[in-house]
Each structure stands twice: as C-alpha cells, then as structure tokens.
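Asker: Dropping in model33.pdb, with PDB, C-alpha atoms.
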```
ATOM      1  CA  MET A   8      95.333  98.936  68.959
ATOM      2  CA  ILE A   9      97.573  98.360  71.990
ATOM      3  CA  LEU A  10     101.355  98.317  71.555
ATOM      4  CA  ILE A  11     102.984  95.906  74.033
ATOM      5  CA  ILE A  12     106.386  97.367  74.860
ATOM      6  CA  HIS A  13     108.040  94.627  76.916
ATOM      7  CA  PRO A  14     108.094  90.836  76.386
ATOM      8  CA  GLU A  15     107.277  90.217  80.057
ATOM      9  CA  LEU A  16     103.684  91.180  79.269
ATOM     10  CA  VAL A  17     103.219  88.698  76.458
ATOM     11  CA  LEU A  18     101.408  86.237  78.744
ATOM     12  CA  ALA A  19      98.768  88.896  79.297
ATOM     13  CA  GLN A  20      98.256  89.416  75.565
ATOM     14  CA  PRO A  21      95.178  87.160  75.303
ATOM     15  CA  LEU A  22      93.500  89.354  77.918
ATOM     16  CA  LEU A  23      94.603  92.532  76.168
ATOM     17  CA  GLU A  24      93.260  91.205  72.875
ATOM     18  CA  ASN A  25      89.796  91.269  74.456
ATOM     19  CA  ILE A  26      90.142  95.054  74.613
ATOM     20  CA  ALA A  27      91.819  95.809  71.283
ATOM     21  CA  PRO A  28      94.183  94.215  68.757
ATOM     22  CA  CYS A  29      97.787  94.088  69.991
ATOM     23  CA  ALA A  30     101.229  94.430  68.450
ATOM     24  CA  ARG A  31     104.589  93.547  69.996
ATOM     25  CA  LEU A  32     107.232  96.260  69.797
ATOM     26  CA  TRP A  33     110.170  93.827  69.757
ATOM     27  CA  GLU A  34     108.798  92.128  66.629
ATOM     28  CA  ILE A  35     108.483  95.338  64.596
ATOM     29  CA  GLU A  36     111.398  95.845  62.205
ATOM     30  CA  ASP A  37     110.524  99.332  60.941
ATOM     31  CA  ILE A  38     108.788 101.273  63.688
ATOM     32  CA  SER A  39     108.192 104.382  61.560
ATOM     33  CA  ALA A  40     106.523 102.350  58.805
ATOM     34  CA  PHE A  41     104.424 100.546  61.388
ATOM     35  CA  ALA A  42     103.381 103.803  63.068
ATOM     36  CA  SER A  43     102.206 105.268  59.770
ATOM     37  CA  GLY A  44     100.519 102.009  58.759
ATOM     38  CA  PRO A  45      98.640  99.611  61.051
ATOM     39  CA  GLY A  46     100.101 101.313  64.115
ATOM     40  CA  ALA A  47      98.257 104.514  63.267
ATOM     41  CA  GLU A  48      95.441 103.077  65.398
ATOM     42  CA  VAL A  49      97.593 102.617  68.518
ATOM     43  CA  ARG A  50      95.932 104.413  71.417
ATOM     44  CA  ALA A  51      97.841 102.891  74.346
ATOM     45  CA  PHE A  52     101.171 101.363  75.274
ATOM     46  CA  ALA A  53     101.278  98.492  77.773
ATOM     47  CA  CYS A  54     104.639  98.403  79.538
ATOM     48  CA  ILE A  55     106.632  97.471  82.620
ATOM     49  CA  GLY A  56     107.147 100.799  84.370
ATOM     50  CA  GLY A  57     110.612 100.035  85.677
ATOM     51  CA  LYS A  58     111.928  99.100  82.224
ATOM     52  CA  LYS A  59     112.708 101.718  79.586
ATOM     53  CA  THR A  60     109.975 102.875  77.263
ATOM     54  CA  ASP A  61     111.671 104.928  74.560
ATOM     55  CA  ALA A  62     110.303 108.476  74.600
ATOM     56  CA  ALA A  63     111.056 108.716  70.872
ATOM     57  CA  LEU A  64     108.038 106.461  70.334
ATOM     58  CA  PHE A  65     105.534 108.998  71.662
ATOM     59  CA  PRO A  66     105.391 111.410  68.698
ATOM     60  CA  LEU A  67     105.248 108.550  66.169
ATOM     61  CA  PHE A  68     101.720 107.544  67.199
ATOM     62  CA  ALA A  69      99.224 110.306  66.510
ATOM     63  CA  LYS A  70      96.395 108.642  68.441
ATOM     64  CA  LEU A  71      98.478 107.634  71.475
ATOM     65  CA  GLU A  72      96.611 108.577  74.652
ATOM     66  CA  ALA A  73      98.223 106.653  77.479
ATOM     67  CA  VAL A  74     101.162 104.597  78.688
ATOM     68  CA  ILE A  75      99.798 101.997  81.089
ATOM     69  CA  ALA A  76     102.450 100.499  83.353
ATOM     70  CA  ALA A  77     101.909  97.135  85.000
ATOM     71  CA  GLY A  78     103.642  97.676  88.314
ATOM     72  CA  VAL A  79     104.463 100.413  90.778
ATOM     73  CA  GLY A  80     107.551 102.113  89.368
ATOM     74  CA  VAL A  81     107.487 104.372  86.331
ATOM     75  CA  ASP A  82     111.159 105.359  86.281
ATOM     76  CA  GLY A  83     111.513 103.675  82.886
ATOM     77  CA  VAL A  84     109.065 106.161  81.366
ATOM     78  CA  ASP A  85     110.167 109.699  80.494
ATOM     79  CA  LEU A  86     107.376 111.559  82.281
ATOM     80  CA  VAL A  87     108.426 114.967  80.958
ATOM     81  CA  ALA A  88     108.354 113.701  77.377
ATOM     82  CA  ALA A  89     105.013 112.001  77.957
ATOM     83  CA  LYS A  90     103.477 115.173  79.335
ATOM     84  CA  ALA A  91     104.874 117.200  76.432
ATOM     85  CA  ALA A  92     103.295 114.724  74.016
ATOM     86  CA  GLY A  93      99.948 114.914  75.809
ATOM     87  CA  VAL A  94     100.208 111.274  76.882
ATOM     88  CA  SER A  95      98.913 110.118  80.261
ATOM     89  CA  VAL A  96     101.016 107.708  82.334
ATOM     90  CA  CYS A  97      99.426 105.367  84.876
ATOM     91  CA  ASN A  98     100.867 102.779  87.245
ATOM     92  CA  SER A  99      99.558 100.171  89.671
ATOM     93  CA  PRO A 100     100.507 101.395  93.165
ATOM     94  CA  GLY A 101     100.366  99.381  96.354
ATOM     95  CA  ILE A 102     100.258  95.954  94.736
ATOM     96  CA  ASN A 103     103.536  94.539  96.027
ATOM     97  CA  THR A 104     104.488  96.422  99.188
ATOM     98  CA  ASP A 105     104.475  93.300 101.361
ATOM     99  CA  ASP A 106     106.239  91.232  98.704
ATOM    100  CA  VAL A 107     109.155  93.658  98.426
ATOM    101  CA  ALA A 108     109.440  93.906 102.196
ATOM    102  CA  ASP A 109     109.458  90.114 102.512
ATOM    103  CA  LEU A 110     112.318  89.703 100.044
ATOM    104  CA  ALA A 111     114.238  92.557 101.643
ATOM    105  CA  LEU A 112     114.272  90.681 104.944
ATOM    106  CA  GLY A 113     115.066  87.472 103.089
ATOM    107  CA  LEU A 114     118.158  89.024 101.505
ATOM    108  CA  LEU A 115     119.164  90.355 104.890
ATOM    109  CA  ILE A 116     118.880  87.022 106.698
ATOM    110  CA  VAL A 117     120.473  84.963 103.918
ATOM    111  CA  GLY A 118     123.426  87.321 103.748
ATOM    112  CA  GLU A 119     123.833  87.936 107.457
ATOM    113  CA  ARG A 120     123.845  84.226 108.290
ATOM    114  CA  ASN A 121     125.940  83.273 105.221
ATOM    115  CA  ILE A 122     123.296  80.753 104.170
ATOM    116  CA  ILE A 123     124.268  80.379 100.510
ATOM    117  CA  GLU A 124     127.918  79.552 101.175
ATOM    118  CA  LEU A 125     127.045  77.210 104.049
ATOM    119  CA  ASP A 126     124.465  75.455 101.867
ATOM    120  CA  GLY A 127     127.152  74.795  99.265
ATOM    121  CA  LEU A 128     129.522  73.355 101.855
ATOM    122  CA  VAL A 129     126.885  70.979 103.209
ATOM    123  CA  ARG A 130     125.953  69.826  99.691
ATOM    124  CA  ARG A 131     129.617  69.110  98.935
ATOM    125  CA  GLY A 132     130.007  67.061 102.115
ATOM    126  CA  GLU A 133     132.252  69.708 103.704
ATOM    127  CA  TRP A 134     130.384  69.816 107.001
ATOM    128  CA  ALA A 135     133.487  70.255 109.138
ATOM    129  CA  ASP A 136     134.690  73.134 106.950
ATOM    130  CA  ALA A 137     131.330  74.842 107.348
ATOM    131  CA  LEU A 138     131.741  74.773 111.115
ATOM    132  CA  THR A 139     135.093  76.560 110.867
ATOM    133  CA  HIS A 140     133.434  79.691 109.437
ATOM    134  CA  ALA A 141     133.395  82.524 111.904
ATOM    135  CA  PRO A 142     129.974  82.981 113.519
ATOM    136  CA  ARG A 143     127.885  85.881 112.211
ATOM    137  CA  TYR A 144     126.171  88.570 114.241
ATOM    138  CA  ARG A 145     122.687  88.084 115.653
ATOM    139  CA  LEU A 146     120.091  90.516 114.325
ATOM    140  CA  ARG A 147     118.575  91.485 117.668
ATOM    141  CA  GLY A 148     120.050  94.718 118.927
ATOM    142  CA  ARG A 149     121.585  95.795 115.624
ATOM    143  CA  THR A 150     120.540  99.002 113.910
ATOM    144  CA  LEU A 151     118.733  98.964 110.577
ATOM    145  CA  GLY A 152     118.857 102.251 108.694
ATOM    146  CA  ILE A 153     116.155 102.577 106.036
ATOM    147  CA  LEU A 154     116.517 105.092 103.228
ATOM    148  CA  GLY A 155     112.968 105.877 102.149
ATOM    149  CA  MET A 156     110.121 105.514 104.618
ATOM    150  CA  GLY A 157     107.181 105.173 102.291
ATOM    151  CA  ALA A 158     104.867 102.184 102.295
ATOM    152  CA  ILE A 159     107.661  99.702 101.524
ATOM    153  CA  GLY A 160     110.088 101.227 104.018
ATOM    154  CA  GLN A 161     107.459 101.059 106.738
ATOM    155  CA  ALA A 162     106.593  97.451 105.882
ATOM    156  CA  ILE A 163     110.288  96.570 106.153
ATOM    157  CA  ALA A 164     110.550  98.359 109.494
ATOM    158  CA  VAL A 165     107.596  96.460 110.977
ATOM    159  CA  ARG A 166     109.098  93.138 109.920
ATOM    160  CA  ALA A 167     112.563  94.095 111.128
ATOM    161  CA  GLU A 168     111.297  95.070 114.561
ATOM    162  CA  ALA A 169     109.972  91.528 114.975
ATOM    163  CA  PHE A 170     113.606  90.370 114.698
ATOM    164  CA  GLY A 171     114.668  92.834 117.385
ATOM    165  CA  LEU A 172     116.365  95.313 115.060
ATOM    166  CA  LYS A 173     116.457  98.986 116.028
ATOM    167  CA  ILE A 174     115.044 101.210 113.284
ATOM    168  CA  ILE A 175     116.262 104.605 112.091
ATOM    169  CA  TRP A 176     115.520 106.191 108.764
ATOM    170  CA  ALA A 177     116.188 109.042 106.367
ATOM    171  CA  GLY A 178     113.978 110.652 103.766
ATOM    172  CA  PRO A 179     113.199 114.075 102.343
ATOM    173  CA  ASN A 180     110.204 114.778 104.566
ATOM    174  CA  PRO A 181     109.693 114.399 108.323
ATOM    175  CA  LYS A 182     106.874 112.050 109.316
ATOM    176  CA  PRO A 183     105.934 112.959 112.876
ATOM    177  CA  GLU A 184     103.311 110.212 112.941
ATOM    178  CA  LEU A 185     106.089 107.593 112.925
ATOM    179  CA  ASP A 186     107.821 106.481 116.118
ATOM    180  CA  TRP A 187     111.093 105.561 114.411
ATOM    181  CA  PRO A 188     113.739 108.303 114.670
ATOM    182  CA  ARG A 189     114.710 110.162 111.500
ATOM    183  CA  VAL A 190     118.215 111.348 110.676
ATOM    184  CA  GLU A 191     118.922 114.255 108.363
ATOM    185  CA  THR A 192     121.367 112.848 105.814
ATOM    186  CA  VAL A 193     122.227 109.600 104.081
ATOM    187  CA  LEU A 194     125.796 109.868 105.364
ATOM    188  CA  GLU A 195     124.565 110.132 108.951
ATOM    189  CA  LEU A 196     122.214 107.215 108.340
ATOM    190  CA  ALA A 197     125.108 105.061 107.132
ATOM    191  CA  LYS A 198     127.312 106.026 110.085
ATOM    192  CA  LYS A 199     124.634 105.063 112.601
ATOM    193  CA  SER A 200     123.535 101.831 110.872
ATOM    194  CA  ASP A 201     124.806  98.270 110.996
ATOM    195  CA  ILE A 202     122.584  97.454 108.026
ATOM    196  CA  LEU A 203     121.617 100.041 105.389
ATOM    197  CA  MET A 204     118.366  99.203 103.587
ATOM    198  CA  LEU A 205     117.382 101.065 100.405
ATOM    199  CA  ALA A 206     113.650 101.479  99.772
ATOM    200  CA  CYS A 207     113.515 104.884  98.091
ATOM    201  CA  PRO A 208     112.410 105.870  94.582
ATOM    202  CA  LEU A 209     114.988 106.662  91.911
ATOM    203  CA  THR A 210     114.987 110.436  91.393
ATOM    204  CA  ASP A 211     117.554 113.062  90.509
ATOM    205  CA  ALA A 212     118.131 113.489  94.246
ATOM    206  CA  THR A 213     118.703 109.783  94.930
ATOM    207  CA  ARG A 214     120.665 108.796  91.819
ATOM    208  CA  LYS A 215     123.965 107.285  93.023
ATOM    209  CA  VAL A 216     123.326 108.700  96.483
ATOM    210  CA  ILE A 217     125.011 105.584  97.899
ATOM    211  CA  SER A 218     128.500 106.766  97.086
ATOM    212  CA  ALA A 219     131.955 105.606  98.121
ATOM    213  CA  ASP A 220     131.777 108.014 101.074
ATOM    214  CA  VAL A 221     128.483 106.513 102.245
ATOM    215  CA  LEU A 222     129.862 102.987 101.954
ATOM    216  CA  ASP A 223     132.951 104.021 103.908
ATOM    217  CA  ALA A 224     130.646 105.432 106.587
ATOM    218  CA  LEU A 225     128.723 102.149 106.699
ATOM    219  CA  GLY A 226     132.023 100.491 107.533
ATOM    220  CA  SER A 227     133.720  97.113 107.400
ATOM    221  CA  GLU A 228     131.033  95.431 109.519
ATOM    222  CA  GLY A 229     128.150  97.027 107.639
ATOM    223  CA  VAL A 230     125.717  95.438 105.187
ATOM    224  CA  LEU A 231     123.886  97.068 102.270
ATOM    225  CA  ILE A 232     120.503  95.779 101.049
ATOM    226  CA  ASN A 233     118.940  97.267  97.915
ATOM    227  CA  VAL A 234     115.335  96.584  96.896
ATOM    228  CA  ALA A 235     114.841 100.092  95.485
ATOM    229  CA  ARG A 236     116.482 100.752  92.115
ATOM    230  CA  GLY A 237     120.007  99.976  90.967
ATOM    231  CA  GLY A 238     120.621 103.600  90.030
ATOM    232  CA  VAL A 239     120.443 104.637  93.685
ATOM    233  CA  VAL A 240     123.880 103.037  94.183
ATOM    234  CA  ASP A 241     127.212 103.932  92.649
ATOM    235  CA  GLU A 242     127.785 100.373  91.482
ATOM    236  CA  VAL A 243     131.508 100.837  90.781
ATOM    237  CA  ALA A 244     132.000 102.079  94.338
ATOM    238  CA  LEU A 245     129.961  99.156  95.692
ATOM    239  CA  LEU A 246     131.980  96.584  93.750
ATOM    240  CA  THR A 247     135.176  98.128  95.108
ATOM    241  CA  ALA A 248     133.813  98.149  98.652
ATOM    242  CA  LEU A 249     132.862  94.472  98.414
ATOM    243  CA  ARG A 250     136.186  93.386  96.905
ATOM    244  CA  GLU A 251     138.260  95.369  99.370
ATOM    245  CA  ARG A 252     135.999  94.353 102.288
ATOM    246  CA  LYS A 253     135.231  97.968 103.093
ATOM    247  CA  ILE A 254     131.766  96.653 103.920
ATOM    248  CA  LEU A 255     130.886  93.201 105.185
ATOM    249  CA  GLY A 256     128.425  92.315 102.456
ATOM    250  CA  ALA A 257     125.397  93.192 100.381
ATOM    251  CA  GLY A 258     122.063  91.829  99.192
ATOM    252  CA  LEU A 259     120.893  93.159  95.834
ATOM    253  CA  ASP A 260     117.660  92.691  93.930
ATOM    254  CA  VAL A 261     118.291  95.608  91.548
ATOM    255  CA  PHE A 262     121.254  96.725  89.464
ATOM    256  CA  GLU A 263     122.491  99.704  87.503
ATOM    257  CA  ASN A 264     122.045  97.776  84.258
ATOM    258  CA  GLU A 265     119.610  94.886  84.007
ATOM    259  CA  PRO A 266     120.280  92.116  83.337
ATOM    260  CA  THR A 267     123.515  92.680  85.209
ATOM    261  CA  ASP A 268     126.796  91.305  83.897
ATOM    262  CA  PRO A 269     127.431  88.146  85.960
ATOM    263  CA  LYS A 270     131.188  88.625  85.628
ATOM    264  CA  LEU A 271     130.950  91.674  87.878
ATOM    265  CA  TRP A 272     129.888  89.513  90.818
ATOM    266  CA  ALA A 273     131.633  86.209  90.061
ATOM    267  CA  ASP A 274     134.440  86.635  92.605
ATOM    268  CA  LEU A 275     132.302  88.152  95.371
ATOM    269  CA  PRO A 276     131.015  85.551  97.854
ATOM    270  CA  ASN A 277     129.937  88.359 100.210
ATOM    271  CA  VAL A 278     126.961  89.441  98.090
ATOM    272  CA  VAL A 279     123.548  87.778  97.602
ATOM    273  CA  LEU A 280     121.843  88.460  94.258
ATOM    274  CA  THR A 281     118.290  88.129  92.954
ATOM    275  CA  PRO A 282     117.088  89.255  89.484
ATOM    276  CA  HIS A 283     114.735  92.163  90.328
ATOM    277  CA  VAL A 284     111.981  89.917  91.636
ATOM    278  CA  ALA A 285     111.249  91.480  95.040
ATOM    279  CA  GLY A 286     107.796  92.587  93.977
ATOM    280  CA  ARG A 287     107.101  89.624  91.736
ATOM    281  CA  THR A 288     104.742  87.140  93.312
ATOM    282  CA  ARG A 289     101.797  85.382  91.719
ATOM    283  CA  GLU A 290      99.422  87.677  93.532
ATOM    284  CA  SER A 291     101.213  90.923  92.694
ATOM    285  CA  VAL A 292     101.593  90.036  89.016
ATOM    286  CA  GLN A 293      97.893  89.224  88.798
ATOM    287  CA  GLU A 294      96.972  92.467  90.539
ATOM    288  CA  ALA A 295      99.305  94.528  88.318
ATOM    289  CA  VAL A 296      97.854  93.035  85.157
ATOM    290  CA  ARG A 297      94.328  93.473  86.484
ATOM    291  CA  ALA A 298      94.965  97.164  87.237
ATOM    292  CA  ALA A 299      96.619  97.720  83.851
ATOM    293  CA  ILE A 300      93.727  96.041  82.036
ATOM    294  CA  GLY A 301      91.275  98.214  83.947
ATOM    295  CA  ASN A 302      93.002 101.346  82.725
ATOM    296  CA  LEU A 303      93.287 100.048  79.170
ATOM    297  CA  ILE A 304      89.552  99.432  79.170
ATOM    298  CA  ARG A 305      89.057 103.020  80.376
ATOM    299  CA  VAL A 306      91.175 104.308  77.467
ATOM    300  CA  TYR A 307      88.956 102.579  74.945
ATOM    301  CA  GLN A 308      85.742 103.519  76.739
ATOM    302  CA  GLY A 309      86.750 107.153  77.128
ATOM    303  CA  GLN A 310      86.599 106.990  80.931
ATOM    304  CA  PRO A 311      88.900 108.817  83.388
ATOM    305  CA  LEU A 312      92.085 106.869  84.096
ATOM    306  CA  GLU A 313      93.047 105.700  87.569
ATOM    307  CA  ASN A 314      96.446 106.081  89.283
ATOM    308  CA  ARG A 315      97.674 108.738  86.876
ATOM    309  CA  VAL A 316     101.271 109.805  87.412
ATOM    310  CA  VAL A 317     101.106 112.277  84.506
TER     311      VAL A 317
END
```
Would you encode the structure as structure tokens?
Answerer:
Amino acid sequence: MILIIHPELVLAQPLLENIAPCARLWEIEDISAFASGPGAEVRAFACIGGKKTDAALFPLFAKLEAVIAAGVGVDGVDLVAAKAAGVSVCNSPGINTDDVADLALGLLIVGERNIIELDGLVRRGEWADALTHAPRYRLRGRTLGILGMGAIGQAIAVRAEAFGLKIIWAGPNPKPELDWPRVETVLELAKKSDILMLACPLTDATRKVISADVLDALGSEGVLINVARGGVVDEVALLTALRERKILGAGLDVFENEPTDPKLWADLPNVVLTPHVAGRTRESVQEAVRAAIGNLIRVYQGQPLENRVV
C-alpha cells in the first residue's frame, strides 16, 4: 500500500494505483488504528517534499521503506528522523531548474517596472494617472546579487546577463569554474547589490539569514526576490522594511507559512506575490510524478532507489 501524504498528489492516484493500493492521509480519522489495520501494509509514502511530512508517522508503519517526494526540495521531511527509522528518502532533482529561473526573472521585471499597479490603472481608465508615476530604473547596468549559486542560481544568472545585469553571488563554497565574482557574506552581498535574489536551500545556516540588518544593507532602492524557501527570510523584518520603505520592493513566491495570510500583504503595493509556483509547470509536474512513480515501482520490485537523499 502507498500512503499519499498531500492532496496535491491526488491527480496522480490512478497511476499510483497501478503500483499498489493507495490511501489518503487527510481522509484518515484515526491514524494509529489505520496503521495497525489496513495501513500495516504501507511500504511507501508519496509526498510533496517541500510540504511537511510528520515524522511521527514513521514509527507507526512497520513495513515503511521509503518516502518518495515528487519535486526537488525535501525540507518538509525530517531526514534525521527518517534515517533513524530506517526509511529512505528520495526526491526528483533537476526537473524544474529552468522553470524556477524563469519565474524569478518574471517577478523581477514585473516588480521593477511596476506592471501590476500600472495594469490596474489602465483597466480603470486612469491612463493619465499611470503616466504620473515616477519612472523605474532600467535593468541594464544594475547589480544582481544571487544567494545560492547551484543549478537554479546559475540559470538565473544566465538569464539576468541577457538583460545586462551585473552578477555577483554568495554561497558556502567557492566555485572557481564560474566567472561571476563571489563575495564572502550575505551582508556584503546585500550592500553591493541593487537586487538581491534568493536561490539557496533552507538549512540551519540559511534559516532567516535575510535579517533586518541585511535588508537595511540592501537599502531603500533595493529589491528582494525570493524563489528559494520562505524560511530563508525573517518575514517580520521584511514586512517592516516594505511598510517603512526601507527597501524599494520585493517579489515573493515562497513564504514562512503557506498558504500565507493575505492580510499581511494587503496594504503593500510594493510587493509582487505568487503562491509557490515557480517550479510548477506542466512539464515539471509530469517529470516529478514520473520520477516518483519510478521510485515507487522500485520499492515494490525490491530494486535500488534513485536520487536518494537519505
């Protein structure tokens, strides 16, 4: 049996049912009774890696072998607890690098050129008012600082260079094969950047690394774009910086708590929001499901798993 952890995977259930019978976690009223009854045959969880999978579930299922995440991130899975329980964790790396990079540049352009507010003015017939808005900066010649220069960070940098942006970056490890200059700290990155782009994983080292001090260093003309994880940013400090115009604006695809409370952003016209969809295209969803199904088949055929994180 496969236990489907998150409702977002329900559309894939007919495919999963070809491998083994499935149950939906959110429909189970008594999880302990289920685990000792029909759920005793659960051998795999199917989940969204960036959404929480409760580690308390692991010891309830005696035959559990693997948590198979559809997607790249696994920050929603307690890897230490999984390892302690003897449970493998697998993801689907590399499926949405270009998609995330595309949306990152989209958030940047929409915010930098004030497209959403101008669109509203045109739709309301307020053309003349739209023309009274102060012109925004051109992208060419500005400096884009990227925190995290993995595959997504590099894809963003390539796209940004086409717009004439200068690239600098910060990350834990030097990468001498890259031509873009690296700075040592996040604070230095913010000070030297006009636009600060977040493309790093969420770890103990990066949790709330974008602090009030970093936002102050970014400055009143600076822009923050986050397509990483919401936990990388001190959201209270960001909300304050946006309200008090300590930074010019932000573009956010991820939030500290998801779904985010819309009231937090209601009075902030200087931020562009999307609901954690940077990596969600038709192609990437299909590839994530395909990779997850491949690993689920391997569980039930006793074959080695691919893309193991634990």
Asker: Can you give me, as a list in words, the residues this file yields under the PyMOL selection byres ((chain A and resi 281-289) around 9)?
Answerer: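 Selection result, ordered by chain and number: Gly78, Ile102, Asn103, Thr104, Asp105, Asp106, Val107, Ala108, Asp109, Leu110, Ala111, Leu114, Val234, Arg236, Gly258, Leu259, Asp260, Val261, Phe262, Glu265, Pro266, Thr267, Val279, Leu280, Glu290, Ser291, Val292, Gln293 and Glu294 of chain A.
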Asker: Taking only C-alpha atoms into account, produce a table as JSON lines in which each residue of range 77-151 of chain A with an atom at most 9 Å from an atom of range 166-173 of chain A appears once, together with its shortest atom pair and the distance in Å to one decimal, ordered by chain and rising number.
Answerer:
```
{"residue": "A:Ala108", "atom": "CA", "partner": "A:Arg166", "partner_atom": "CA", "distance": 7.8}
{"residue": "A:Asp109", "atom": "CA", "partner": "A:Arg166", "partner_atom": "CA", "distance": 8.0}
{"residue": "A:Leu112", "atom": "CA", "partner": "A:Ala167", "partner_atom": "CA", "distance": 7.3}
{"residue": "A:Leu146", "atom": "CA", "partner": "A:Leu172", "partner_atom": "CA", "distance": 6.1}
{"residue": "A:Arg147", "atom": "CA", "partner": "A:Gly171", "partner_atom": "CA", "distance": 4.1}
{"residue": "A:Gly148", "atom": "CA", "partner": "A:Leu172", "partner_atom": "CA", "distance": 5.4}
{"residue": "A:Arg149", "atom": "CA", "partner": "A:Leu172", "partner_atom": "CA", "distance": 5.3}
{"residue": "A:Thr150", "atom": "CA", "partner": "A:Lys173", "partner_atom": "CA", "distance": 4.6}
{"residue": "A:Leu151", "atom": "CA", "partner": "A:Lys173", "partner_atom": "CA", "distance": 5.9}
```
Asker: What gap, in Å, lies between CA of Leu249 in chain A and CA of Trp187 in chain A?
Answerer: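 Atom-to-atom, CA of Leu249 in chain A and CA of Trp187 in chain A are spaced 29.2 Å apart.
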Asker: Just need the box for range 68-80 of chain A, edges along x, y and z, holding every atom the file lists for it with 5 Å tacked onto each side, so centre and edge lengths in Å to one decimal, as lines of an AutoDock Vina configuration file.
Answerer:
```
center_x = 102.0
center_y = 103.7
center_z = 78.6
size_x = 21.2
size_y = 23.2
size_z = 34.3
```
Asker: Evaluate the PyMOL selection byres ((chain A and resi 159) around 7) against this structure - the residues, as a PyMOL selection string, please.
Answerer: chain A and resi 104+107-108+157-158+160-163+206
Asker: Looking at A:Val117, A:Cys54, A:Pro188, A:Phe41, which one is nearest to Ala19 in chain A, with distances taken over only C-alpha atoms?
Answerer: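 Of A:Val117, A:Cys54, A:Pro188, A:Phe41, the one nearest Ala19 in chain A, counting only C-alpha atoms, is A:Cys54.
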Asker: Tell me which of A:Pro276, A:Lys198, A:Ala69, A:Glu24 sits closest to Gly127 in chain A, counting all atoms listed in the file.
Answerer: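 Looking only at the distances to Gly127 in chain A, the closest residue turns out to be A:Pro276.
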Asker: What gap, in Å, lies between CA of Lys90 in chain A and CA of Ile75 in chain A?
Answerer: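 If I compute the distance from CA of Lys90 in chain A to CA of Ile75 in chain A, I get 13.8 Å.
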Asker: So what do you get for CA of Val239 in chain A versus CA of Ser218 in chain A, distance-wise?
Answerer: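 So the answer is 9.0 Å.
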Asker: Given the file shown, determine the residues that the PyMOL selection byres ((chain A and resi 191) around 9) selects; report them as a list in words.
Answerer: Trp176, Ala177, Gly178, Pro179, Arg189, Val190, Thr192, Val193, Leu194, Glu195 and Leu196 of chain A
Asker: Neighbouring residues of Ile12 in chain A were defined as those with any atom within 8 Å, considering only C-alpha atoms; residues of the same chain fewer than 5 positions away were excluded. Please report them as a list in words.
Answerer: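 What passes the distance filter is Arg31, Leu32, Trp33, Phe52, Ala53, Cys54, Ile55 and Thr60 of chain A.
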Asker: For Val96 in chain A, which of A:Ile122, A:Leu22, A:Ala51, A:Ala235 is the closest residue, counting only C-alpha atoms?
Answerer: A:Ala51
Asker: Which one is closest to Arg143 in chain A: A:Ile175, A:Ala92, A:Leu271, A:Ile116? Count all atoms listed in the file.
Answerer: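 Comparing A:Ile175, A:Ala92, A:Leu271, A:Ile116 against Arg143 in chain A, the winner is A:Ile116.
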Asker: Please write as a PyMOL selection string the list of polymer residues whose atoms come within 10 Å of (97.3, 109.8, 90.3), counting all atoms listed in the file and keeping to the coordinates of the file.
Answerer: chain A and resi 96-100+312-317
Asker: With all atoms listed in the file as the basis for distance, which of A:Leu203, A:Ile232, A:Ala27, A:Val278 is at the shortest distance from Arg252 in chain A?
Answerer: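 Once distances to Arg252 in chain A are computed over all atoms listed in the file, the minimum belongs to A:Val278.
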Asker: Between A:Ala135, A:Leu205, A:Val81, A:Leu128, which one has atoms that come closest to Gly155 in chain A, using all atoms listed in the file?
Answerer: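 Residue with the minimum atom-to-atom distance to Gly155 in chain A: A:Leu205.
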Asker: Where atoms are missing, can you supply all heavy atoms for range 104-108 of chain A and output the lot as a CSV table (one decimal), in the coordinates of the input?
Answerer:
```csv
chain,number,residue,atom,x,y,z
A,104,THR,N,103.8,95.9,98.0
A,104,THR,CA,104.5,96.4,99.2
A,104,THR,C,105.0,95.3,100.1
A,104,THR,O,106.2,95.3,100.5
A,104,THR,CB,103.6,97.4,100.0
A,104,THR,OG1,103.2,98.5,99.2
A,104,THR,CG2,104.2,97.9,101.3
A,105,ASP,N,104.1,94.4,100.5
A,105,ASP,CA,104.5,93.3,101.4
A,105,ASP,C,105.5,92.4,100.7
A,105,ASP,O,106.4,91.8,101.4
A,105,ASP,CB,103.2,92.5,101.8
A,105,ASP,CG,102.4,93.3,102.8
A,105,ASP,OD1,102.9,94.1,103.5
A,105,ASP,OD2,101.1,93.1,102.7
A,106,ASP,N,105.3,92.2,99.4
A,106,ASP,CA,106.2,91.2,98.7
A,106,ASP,C,107.7,91.8,98.7
A,106,ASP,O,108.6,91.0,99.0
A,106,ASP,CB,105.8,91.0,97.3
A,106,ASP,CG,104.3,90.6,97.2
A,106,ASP,OD1,103.9,89.7,98.0
A,106,ASP,OD2,103.5,91.2,96.5
A,107,VAL,N,107.8,93.1,98.4
A,107,VAL,CA,109.2,93.7,98.4
A,107,VAL,C,109.8,93.6,99.8
A,107,VAL,O,110.9,93.3,100.0
A,107,VAL,CB,109.1,95.1,97.9
A,107,VAL,CG1,110.5,95.8,98.0
A,107,VAL,CG2,108.6,95.1,96.5
A,108,ALA,N,108.9,93.9,100.8
A,108,ALA,CA,109.4,93.9,102.2
A,108,ALA,C,109.9,92.5,102.6
A,108,ALA,O,110.9,92.3,103.3
A,108,ALA,CB,108.4,94.4,103.1
```
